[in-house]
Amino acid sequence: MPFRKILFVLSIIFFVPTMNKAQIGSSGDLTIVTIPQGAEVSLEGDVILSGVSPVRFRQMIVGKYNLVVKKAGYESYNKQVIIDPFTPTEIEVRLKSKTKSKALIRSLLIPGWGQRYADRKAKGNILTVLAVGAAATFAYAELDYQDKKDDFEAKQIEYDEIVSGGTIEELNQFYPGFLSTRDKAYDAETFRRVSFVTLAGIYAINLIDILFFFPDNRDAISIKGLSISPQLSPESNGMKLSVKF
């Protein structure tokens, strides 16, 4: 009997603390694994935590958090997760690649949208601003042309009436104003054509940029807009550093 009591006491001393230590060490652990790796991971809730996958958060956190995963060349992942502080959790996130076809569809609808989708926000914003400005200019030019055209057509009717039944003096008085109205209509038409060509050119550049210069930066590791991607060639190896604006 004494021997059994000694074994029981020893088991309490050596095994119970070990089990508690393991449980405490795993409490609140959250591991985020992404495919592919090297994505920027953020947890947003009562506190904000961030890291680069695969990442393990050992802080004691509990409750609802917004999980955001971003990586250059891939669509962002956003999901609400509930974290249990006493149960270790591992979340696997499979990121979807951004594609040229999706970017092209966006740019067909709104110039610059495809560039922003492809993580080139500065170029996308510039193209959108230029397209909006060109579209507004063309709309103004179209309205102005219609007004000038109506004025010219009204003058044309008056001119024909004077030619058919008026006098030379009436014709001489009317003719300078008729020419001025005609020139204004011609100028308005020219401006309308130029504004339309400008708008079409911006739209075409927007699509050509997507078709031929769609970036392939899926191997990059991105953190807060800063991207690091490997540059491999037969001559030398290196890293490329870029910043998204």
# chains A, B, ... in the order shown; residues from 1 in each chain; ligands from 1
$ closest_atom_pairs --of "stretch 33-97 of chain A" --to "stretch 116-138 of chain A" --cutoff "10 Å" --atoms "only C-alpha atoms" --output "JSON lines"
{"residue": "A:Lys71", "atom": "CA", "partner": "A:Asp119", "partner_atom": "CA", "distance": 9.9}
{"residue": "A:Ala72", "atom": "CA", "partner": "A:Asp119", "partner_atom": "CA", "distance": 7.1}
{"residue": "A:Gly73", "atom": "CA", "partner": "A:Ala118", "partner_atom": "CA", "distance": 6.9}
{"residue": "A:Tyr74", "atom": "CA", "partner": "A:Ala118", "partner_atom": "CA", "distance": 8.7}
{"residue": "A:Glu75", "atom": "CA", "partner": "A:Tyr117", "partner_atom": "CA", "distance": 8.5}
$ residues_around --residues "stretch 201-213 of chain A" --least-positions-apart "2" --cutoff "7 Å" --atoms "only C-alpha atoms" --output "list in words"
Lys100, Ala103, Leu104, Ser107, Pro111, Gly112, Leu127, Ala131, Val197, Thr198, Leu199 and Pro215 of chain A
$ select_by_dssp --residues "stretch 7-116 of chain A" --states "alpha helix (DSSP H)" --output "PyMOL selection string"
chain A and resi 7-26+100-109+113-116
$ residues_around --residues "A:Ile48" --least-positions-apart "5" --cutoff "10 Å" --atoms "only C-alpha atoms" --output "ChimeraX atom specification"
/A:42-43,65-66
$ residues_around --residues "A:Gly45" --least-positions-apart "2" --cutoff "12 Å" --atoms "only C-alpha atoms" --output "ChimeraX atom specification"
/A:42-43,47-50,61-68,80-83
$ write_last_selection --atoms "N, CA, C and O atoms" --output "PDB file, in the first residue's frame"
ATOM      1  N   SER A  42      -3.790  39.511 -41.746  1.00  0.00           N
ATOM      2  CA  SER A  42      -4.183  40.468 -40.703  1.00  0.00           C
ATOM      3  C   SER A  42      -5.409  39.951 -39.978  1.00  0.00           C
ATOM      4  O   SER A  42      -6.329  39.405 -40.591  1.00  0.00           O
ATOM      5  N   LEU A  43      -5.397  40.116 -38.668  1.00  0.00           N
ATOM      6  CA  LEU A  43      -6.560  39.831 -37.828  1.00  0.00           C
ATOM      7  C   LEU A  43      -7.020  41.146 -37.229  1.00  0.00           C
ATOM      8  O   LEU A  43      -6.257  41.833 -36.552  1.00  0.00           O
ATOM      9  N   VAL A  47      -8.092  43.656 -31.014  1.00  0.00           N
ATOM     10  CA  VAL A  47      -6.707  44.033 -31.292  1.00  0.00           C
ATOM     11  C   VAL A  47      -6.440  43.738 -32.758  1.00  0.00           C
ATOM     12  O   VAL A  47      -7.209  43.055 -33.417  1.00  0.00           O
ATOM     13  N   ILE A  48      -5.357  44.268 -33.274  1.00  0.00           N
ATOM     14  CA  ILE A  48      -4.973  44.039 -34.661  1.00  0.00           C
ATOM     15  C   ILE A  48      -3.637  43.319 -34.688  1.00  0.00           C
ATOM     16  O   ILE A  48      -2.645  43.812 -34.130  1.00  0.00           O
ATOM     17  N   LEU A  49      -3.616  42.159 -35.312  1.00  0.00           N
ATOM     18  CA  LEU A  49      -2.402  41.361 -35.431  1.00  0.00           C
ATOM     19  C   LEU A  49      -2.118  41.148 -36.912  1.00  0.00           C
ATOM     20  O   LEU A  49      -3.037  41.052 -37.723  1.00  0.00           O
ATOM     21  N   SER A  50      -0.845  41.071 -37.264  1.00  0.00           N
ATOM     22  CA  SER A  50      -0.484  40.857 -38.662  1.00  0.00           C
ATOM     23  C   SER A  50       0.792  40.040 -38.746  1.00  0.00           C
ATOM     24  O   SER A  50       1.579  39.965 -37.797  1.00  0.00           O
ATOM     25  N   ILE A  61      -6.275  35.612 -27.617  1.00  0.00           N
ATOM     26  CA  ILE A  61      -7.345  36.388 -28.240  1.00  0.00           C
ATOM     27  C   ILE A  61      -8.599  35.531 -28.274  1.00  0.00           C
ATOM     28  O   ILE A  61      -8.541  34.311 -28.385  1.00  0.00           O
ATOM     29  N   VAL A  62      -9.744  36.202 -28.193  1.00  0.00           N
ATOM     30  CA  VAL A  62     -11.011  35.478 -28.138  1.00  0.00           C
ATOM     31  C   VAL A  62     -12.091  36.324 -28.800  1.00  0.00           C
ATOM     32  O   VAL A  62     -12.025  37.556 -28.792  1.00  0.00           O
ATOM     33  N   GLY A  63     -13.061  35.655 -29.414  1.00  0.00           N
ATOM     34  CA  GLY A  63     -14.185  36.360 -30.001  1.00  0.00           C
ATOM     35  C   GLY A  63     -14.122  36.419 -31.517  1.00  0.00           C
ATOM     36  O   GLY A  63     -13.420  35.650 -32.167  1.00  0.00           O
ATOM     37  N   LYS A  64     -14.877  37.364 -32.070  1.00  0.00           N
ATOM     38  CA  LYS A  64     -14.977  37.503 -33.521  1.00  0.00           C
ATOM     39  C   LYS A  64     -13.857  38.400 -34.052  1.00  0.00           C
ATOM     40  O   LYS A  64     -13.626  39.487 -33.528  1.00  0.00           O
ATOM     41  N   TYR A  65     -13.207  37.934 -35.086  1.00  0.00           N
ATOM     42  CA  TYR A  65     -12.158  38.708 -35.739  1.00  0.00           C
ATOM     43  C   TYR A  65     -12.358  38.641 -37.250  1.00  0.00           C
ATOM     44  O   TYR A  65     -12.895  37.653 -37.772  1.00  0.00           O
ATOM     45  N   ASN A  66     -11.936  39.689 -37.914  1.00  0.00           N
ATOM     46  CA  ASN A  66     -11.994  39.720 -39.373  1.00  0.00           C
ATOM     47  C   ASN A  66     -10.629  39.303 -39.913  1.00  0.00           C
ATOM     48  O   ASN A  66      -9.624  39.971 -39.667  1.00  0.00           O
ATOM     49  N   LEU A  67     -10.610  38.188 -40.619  1.00  0.00           N
ATOM     50  CA  LEU A  67      -9.370  37.666 -41.184  1.00  0.00           C
ATOM     51  C   LEU A  67      -9.213  38.177 -42.612  1.00  0.00           C
ATOM     52  O   LEU A  67     -10.085  37.964 -43.460  1.00  0.00           O
ATOM     53  N   VAL A  68      -8.122  38.884 -42.856  1.00  0.00           N
ATOM     54  CA  VAL A  68      -7.838  39.433 -44.184  1.00  0.00           C
ATOM     55  C   VAL A  68      -6.497  38.886 -44.660  1.00  0.00           C
ATOM     56  O   VAL A  68      -5.492  38.985 -43.951  1.00  0.00           O
ATOM     57  N   GLN A  80     -14.909  36.399 -41.579  1.00  0.00           N
ATOM     58  CA  GLN A  80     -15.017  36.561 -40.135  1.00  0.00           C
ATOM     59  C   GLN A  80     -14.808  35.206 -39.463  1.00  0.00           C
ATOM     60  O   GLN A  80     -15.412  34.205 -39.873  1.00  0.00           O
ATOM     61  N   VAL A  81     -13.952  35.169 -38.462  1.00  0.00           N
ATOM     62  CA  VAL A  81     -13.668  33.934 -37.752  1.00  0.00           C
ATOM     63  C   VAL A  81     -13.948  34.130 -36.270  1.00  0.00           C
ATOM     64  O   VAL A  81     -13.841  35.236 -35.731  1.00  0.00           O
ATOM     65  N   ILE A  82     -14.340  33.046 -35.608  1.00  0.00           N
ATOM     66  CA  ILE A  82     -14.573  33.057 -34.159  1.00  0.00           C
ATOM     67  C   ILE A  82     -13.455  32.258 -33.511  1.00  0.00           C
ATOM     68  O   ILE A  82     -13.249  31.082 -33.832  1.00  0.00           O
ATOM     69  N   ILE A  83     -12.733  32.888 -32.607  1.00  0.00           N
ATOM     70  CA  ILE A  83     -11.552  32.278 -31.997  1.00  0.00           C
ATOM     71  C   ILE A  83     -11.867  31.834 -30.580  1.00  0.00           C
ATOM     72  O   ILE A  83     -12.363  32.614 -29.758  1.00  0.00           O
TER      73      ILE A  83
END
$ atom_distance --atom1 "atom CA of A:Val55" --atom2 "atom CA of A:Ser97"
20.8 Å
